Amino acid sequence: MKIHSKIIKQQAHNCGFALCGIAKAEPLTIAKERFEKALAQNFHAKKEYLERDIEKRFHPEFLLENCKSVVVCGFNYNMRYEVRGERCEVGAKGRKHEGTKGENCKISQYAQIKDYHVVMKERLEKLVQSLQEKYGAFNYKTTIDSSAISEKAWAVQAGIGYYGKNGIIQTPFGSFIFLGALLIDKEVDEYDVPNQDSCGNCSKCIAACPTKAIVAPYYINCNQCITHINLNKKETNFTRIAQYGWLIACDVCQNVCPNNLHAPVNEEAVALRASFVENKNEIFNTLTLESFEKYFKNTVIYQFKYEGFKKRLKAFNKAATDVPNSK
């Protein structure tokens, strides 16, 4: 028996997802070719994990035997009430590329909320449970940036968004969207068509990128991207990026995107906002193991562990202190 797409989407909405699309499980040849082209140019900054299991990224049967359908869900984590360039960033002073002097390191919005792996996993498992109660048991696999599959490529295939020129999926709810995929060995009565929209002539993200990491529309050079640099768990060279003030990832290309100017705020996301946000500078300046456990245990920052994050803060502050203010 086929599962009804309308029921999947209704249940996904009931689980807190703003978006849900369903694609037939078949190889994504074009997406694979674009990915391999980026690898060939070393835009992935020699991240070895990106070189592994390429087939699995675009062929779901390698992850779930007899996979028939890929359900892609999106959670809107937009917590801002207005977007004005970089002024809405936690700790931002308002002047573009202003030296931080160690006082106001900026934190990407995705890290200001409860760990997105947990947020998405809980909701996807709840979706599975509701569907199995109605249709009986079936084999499935959930993925939230935790396996080789490309959630972004499948989001496009499932119709819930399109690639922005900054490489981030653009949706009717903006681009501050957590993506997760549910692979099932069941057919669906109706599949969505791939999203064919585009950014048109807009190139604001390309122009605004502080390090010019968007080398061409849809191609990001990770060697230059602030997010990829400061999230490097092995070592982060803050001297390269301290002048831009970002400690965790970077939201510049999303903040300038017209698609986010009037994107709706999700009150559920606001309720999930991490407690460290309001007193970030004070907490960072007096960080102890106890306060780290208290404020960061349920966030993605916790992955750095106490000593690693403390070392990261020290390196950031030292680099930022040495950077003259940009006028």
# chains A, B, ... in the order shown; residues from 1 in each chain; ligands from 1
>>> residues_around(residues="His117 (chain A)", least_positions_apart="5", cutoff="10 Å", atoms="only C-alpha atoms", output="mmCIF file with N, CA and C atoms, in the first residue's frame")
data_model
loop_
_atom_site.group_PDB
_atom_site.id
_atom_site.type_symbol
_atom_site.label_atom_id
_atom_site.label_comp_id
_atom_site.auth_asym_id
_atom_site.auth_seq_id
_atom_site.Cartn_x
_atom_site.Cartn_y
_atom_site.Cartn_z
ATOM 1 N N GLU A 122 14.336 14.456 16.883
ATOM 2 C CA GLU A 122 13.122 14.262 17.667
ATOM 3 C C GLU A 122 11.886 14.362 16.794
ATOM 4 N N THR A 143 18.249 11.157 8.501
ATOM 5 C CA THR A 143 19.565 11.780 8.359
ATOM 6 C C THR A 143 19.450 13.274 8.645
ATOM 7 N N ILE A 144 20.326 13.754 9.496
ATOM 8 C CA ILE A 144 20.399 15.186 9.817
ATOM 9 C C ILE A 144 21.869 15.567 9.826
ATOM 10 N N ASP A 145 22.412 15.783 8.637
ATOM 11 C CA ASP A 145 23.829 16.137 8.546
ATOM 12 C C ASP A 145 24.677 15.080 9.249
ATOM 13 N N SER A 146 24.192 13.841 9.252
ATOM 14 C CA SER A 146 24.858 12.792 10.022
ATOM 15 C C SER A 146 25.276 11.610 9.162
ATOM 16 N N PHE A 178 16.697 24.389 9.057
ATOM 17 C CA PHE A 178 17.366 23.128 9.314
ATOM 18 C C PHE A 178 16.733 22.080 8.402
ATOM 19 N N LEU A 179 17.561 21.272 7.747
ATOM 20 C CA LEU A 179 17.055 20.239 6.852
ATOM 21 C C LEU A 179 17.304 18.851 7.428
ATOM 22 N N GLY A 180 16.346 17.982 7.203
ATOM 23 C CA GLY A 180 16.499 16.584 7.587
ATOM 24 C C GLY A 180 15.790 15.720 6.574
ATOM 25 N N THR A 299 23.876 22.517 22.989
ATOM 26 C CA THR A 299 24.065 23.284 21.761
ATOM 27 C C THR A 299 25.178 22.666 20.920
ATOM 28 N N VAL A 300 25.301 23.116 19.670
ATOM 29 C CA VAL A 300 26.364 22.586 18.806
ATOM 30 C C VAL A 300 27.742 23.028 19.287
#
>>> residues_around(residues="region 1-14 of chain A", least_positions_apart="2", cutoff="10 Å", atoms="only C-alpha atoms", output="ChimeraX atom specification")
/A:16-22,71-75,123-124,126-131,134-135,186-192
>>> write_last_selection(atoms="N, CA, C and O atoms", output="compact mmCIF listing (two decimals), in the first residue's frame")
# COMPACT_ATOMS: atom_id res chain seq x y z
N GLY A 16 5.96 20.07 13.73
CA GLY A 16 6.68 21.34 13.86
C GLY A 16 7.50 21.74 12.65
O GLY A 16 8.22 22.74 12.70
N PHE A 17 7.39 20.99 11.57
CA PHE A 17 8.14 21.33 10.37
C PHE A 17 7.38 22.36 9.54
O PHE A 17 6.18 22.23 9.30
N ALA A 18 8.11 23.38 9.08
CA ALA A 18 7.50 24.40 8.23
C ALA A 18 7.36 23.91 6.80
O ALA A 18 6.50 24.36 6.05
N LEU A 19 8.25 22.99 6.42
CA LEU A 19 8.30 22.52 5.04
C LEU A 19 8.41 21.01 4.98
O LEU A 19 9.04 20.38 5.84
N CYS A 20 7.82 20.43 3.94
CA CYS A 20 7.94 19.00 3.71
C CYS A 20 7.74 18.73 2.23
O CYS A 20 6.76 19.20 1.63
N GLY A 21 8.66 18.01 1.64
CA GLY A 21 8.55 17.61 0.24
C GLY A 21 8.97 16.17 0.10
O GLY A 21 9.69 15.63 0.94
N ILE A 22 8.52 15.52 -0.98
CA ILE A 22 8.79 14.09 -1.15
C ILE A 22 9.31 13.83 -2.55
O ILE A 22 8.71 14.24 -3.54
N VAL A 71 11.77 11.68 1.99
CA VAL A 71 10.96 12.76 2.55
C VAL A 71 11.90 13.79 3.17
O VAL A 71 12.71 13.45 4.04
N VAL A 72 11.83 15.02 2.70
CA VAL A 72 12.71 16.07 3.21
C VAL A 72 11.88 17.07 4.00
O VAL A 72 10.86 17.58 3.51
N CYS A 73 12.31 17.33 5.22
CA CYS A 73 11.59 18.25 6.09
C CYS A 73 12.48 19.43 6.48
O CYS A 73 13.70 19.29 6.62
N GLY A 74 11.85 20.59 6.63
CA GLY A 74 12.59 21.79 7.00
C GLY A 74 12.00 22.45 8.23
O GLY A 74 10.80 22.64 8.33
N PHE A 75 12.87 22.76 9.19
CA PHE A 75 12.46 23.46 10.42
C PHE A 75 12.95 24.89 10.35
O PHE A 75 14.16 25.14 10.19
N ARG A 123 11.88 15.34 15.91
CA ARG A 123 10.69 15.56 15.07
C ARG A 123 10.56 14.52 13.96
O ARG A 123 9.45 14.10 13.63
N LEU A 124 11.68 14.11 13.40
CA LEU A 124 11.61 13.07 12.36
C LEU A 124 11.17 11.74 12.94
O LEU A 124 10.38 11.00 12.31
N LYS A 126 9.26 11.37 15.53
CA LYS A 126 7.85 11.55 15.82
C LYS A 126 7.02 11.38 14.55
O LYS A 126 5.93 10.79 14.56
N LEU A 127 7.53 11.89 13.43
CA LEU A 127 6.85 11.74 12.14
C LEU A 127 6.77 10.27 11.76
O LEU A 127 5.71 9.79 11.32
N VAL A 128 7.86 9.53 11.91
CA VAL A 128 7.87 8.11 11.60
C VAL A 128 6.84 7.37 12.44
O VAL A 128 6.06 6.54 11.93
N GLN A 129 6.81 7.67 13.73
CA GLN A 129 5.88 7.00 14.63
C GLN A 129 4.43 7.22 14.19
O GLN A 129 3.62 6.29 14.17
N SER A 130 4.10 8.45 13.83
CA SER A 130 2.73 8.76 13.42
C SER A 130 2.36 8.03 12.13
O SER A 130 1.22 7.59 11.95
N LEU A 131 3.32 7.90 11.21
CA LEU A 131 3.05 7.22 9.94
C LEU A 131 2.93 5.71 10.14
O LEU A 131 2.10 5.05 9.51
N LYS A 134 -0.37 4.52 11.38
CA LYS A 134 -1.42 4.50 10.38
C LYS A 134 -1.19 3.45 9.30
O LYS A 134 -2.13 2.79 8.85
N TYR A 135 0.08 3.25 8.90
CA TYR A 135 0.37 2.38 7.76
C TYR A 135 1.08 1.08 8.14
O TYR A 135 1.35 0.24 7.28
N LYS A 186 8.93 2.63 1.26
CA LYS A 186 7.55 2.65 0.82
C LYS A 186 7.37 3.67 -0.31
O LYS A 186 7.98 4.74 -0.28
N GLU A 187 6.54 3.33 -1.26
CA GLU A 187 6.21 4.29 -2.31
C GLU A 187 5.14 5.25 -1.81
O GLU A 187 4.37 4.94 -0.91
N VAL A 188 5.12 6.43 -2.41
CA VAL A 188 4.14 7.46 -2.05
C VAL A 188 3.23 7.68 -3.25
O VAL A 188 3.65 7.53 -4.41
N ASP A 189 1.99 8.04 -2.99
CA ASP A 189 1.03 8.16 -4.09
C ASP A 189 1.31 9.35 -5.01
O ASP A 189 0.94 9.35 -6.18
N GLU A 190 2.01 10.36 -4.50
CA GLU A 190 2.29 11.54 -5.32
C GLU A 190 3.62 12.16 -4.88
O GLU A 190 3.81 12.48 -3.71
N TYR A 191 4.51 12.34 -5.85
CA TYR A 191 5.80 12.93 -5.56
C TYR A 191 5.84 14.39 -6.02
O TYR A 191 5.13 14.78 -6.95
N ASP A 192 6.67 15.17 -5.35
CA ASP A 192 6.82 16.58 -5.71
C ASP A 192 7.81 16.74 -6.86
O ASP A 192 8.69 15.89 -7.06
>>> residues_around(residues="region 216-228 of chain A", least_positions_apart="5", cutoff="10 Å", atoms="only C-alpha atoms", output="ChimeraX atom specification")
/A:34-35,37-39,41-47,108,163-168,199,203,205-206,209-211,233,236,238,240-242,244-252
>>> closest_residue(among="A:Asn230, A:Thr142, A:Asn259, A:Asn298", to="Ser198 (chain A)", atoms="only C-alpha atoms")
A:Asn259
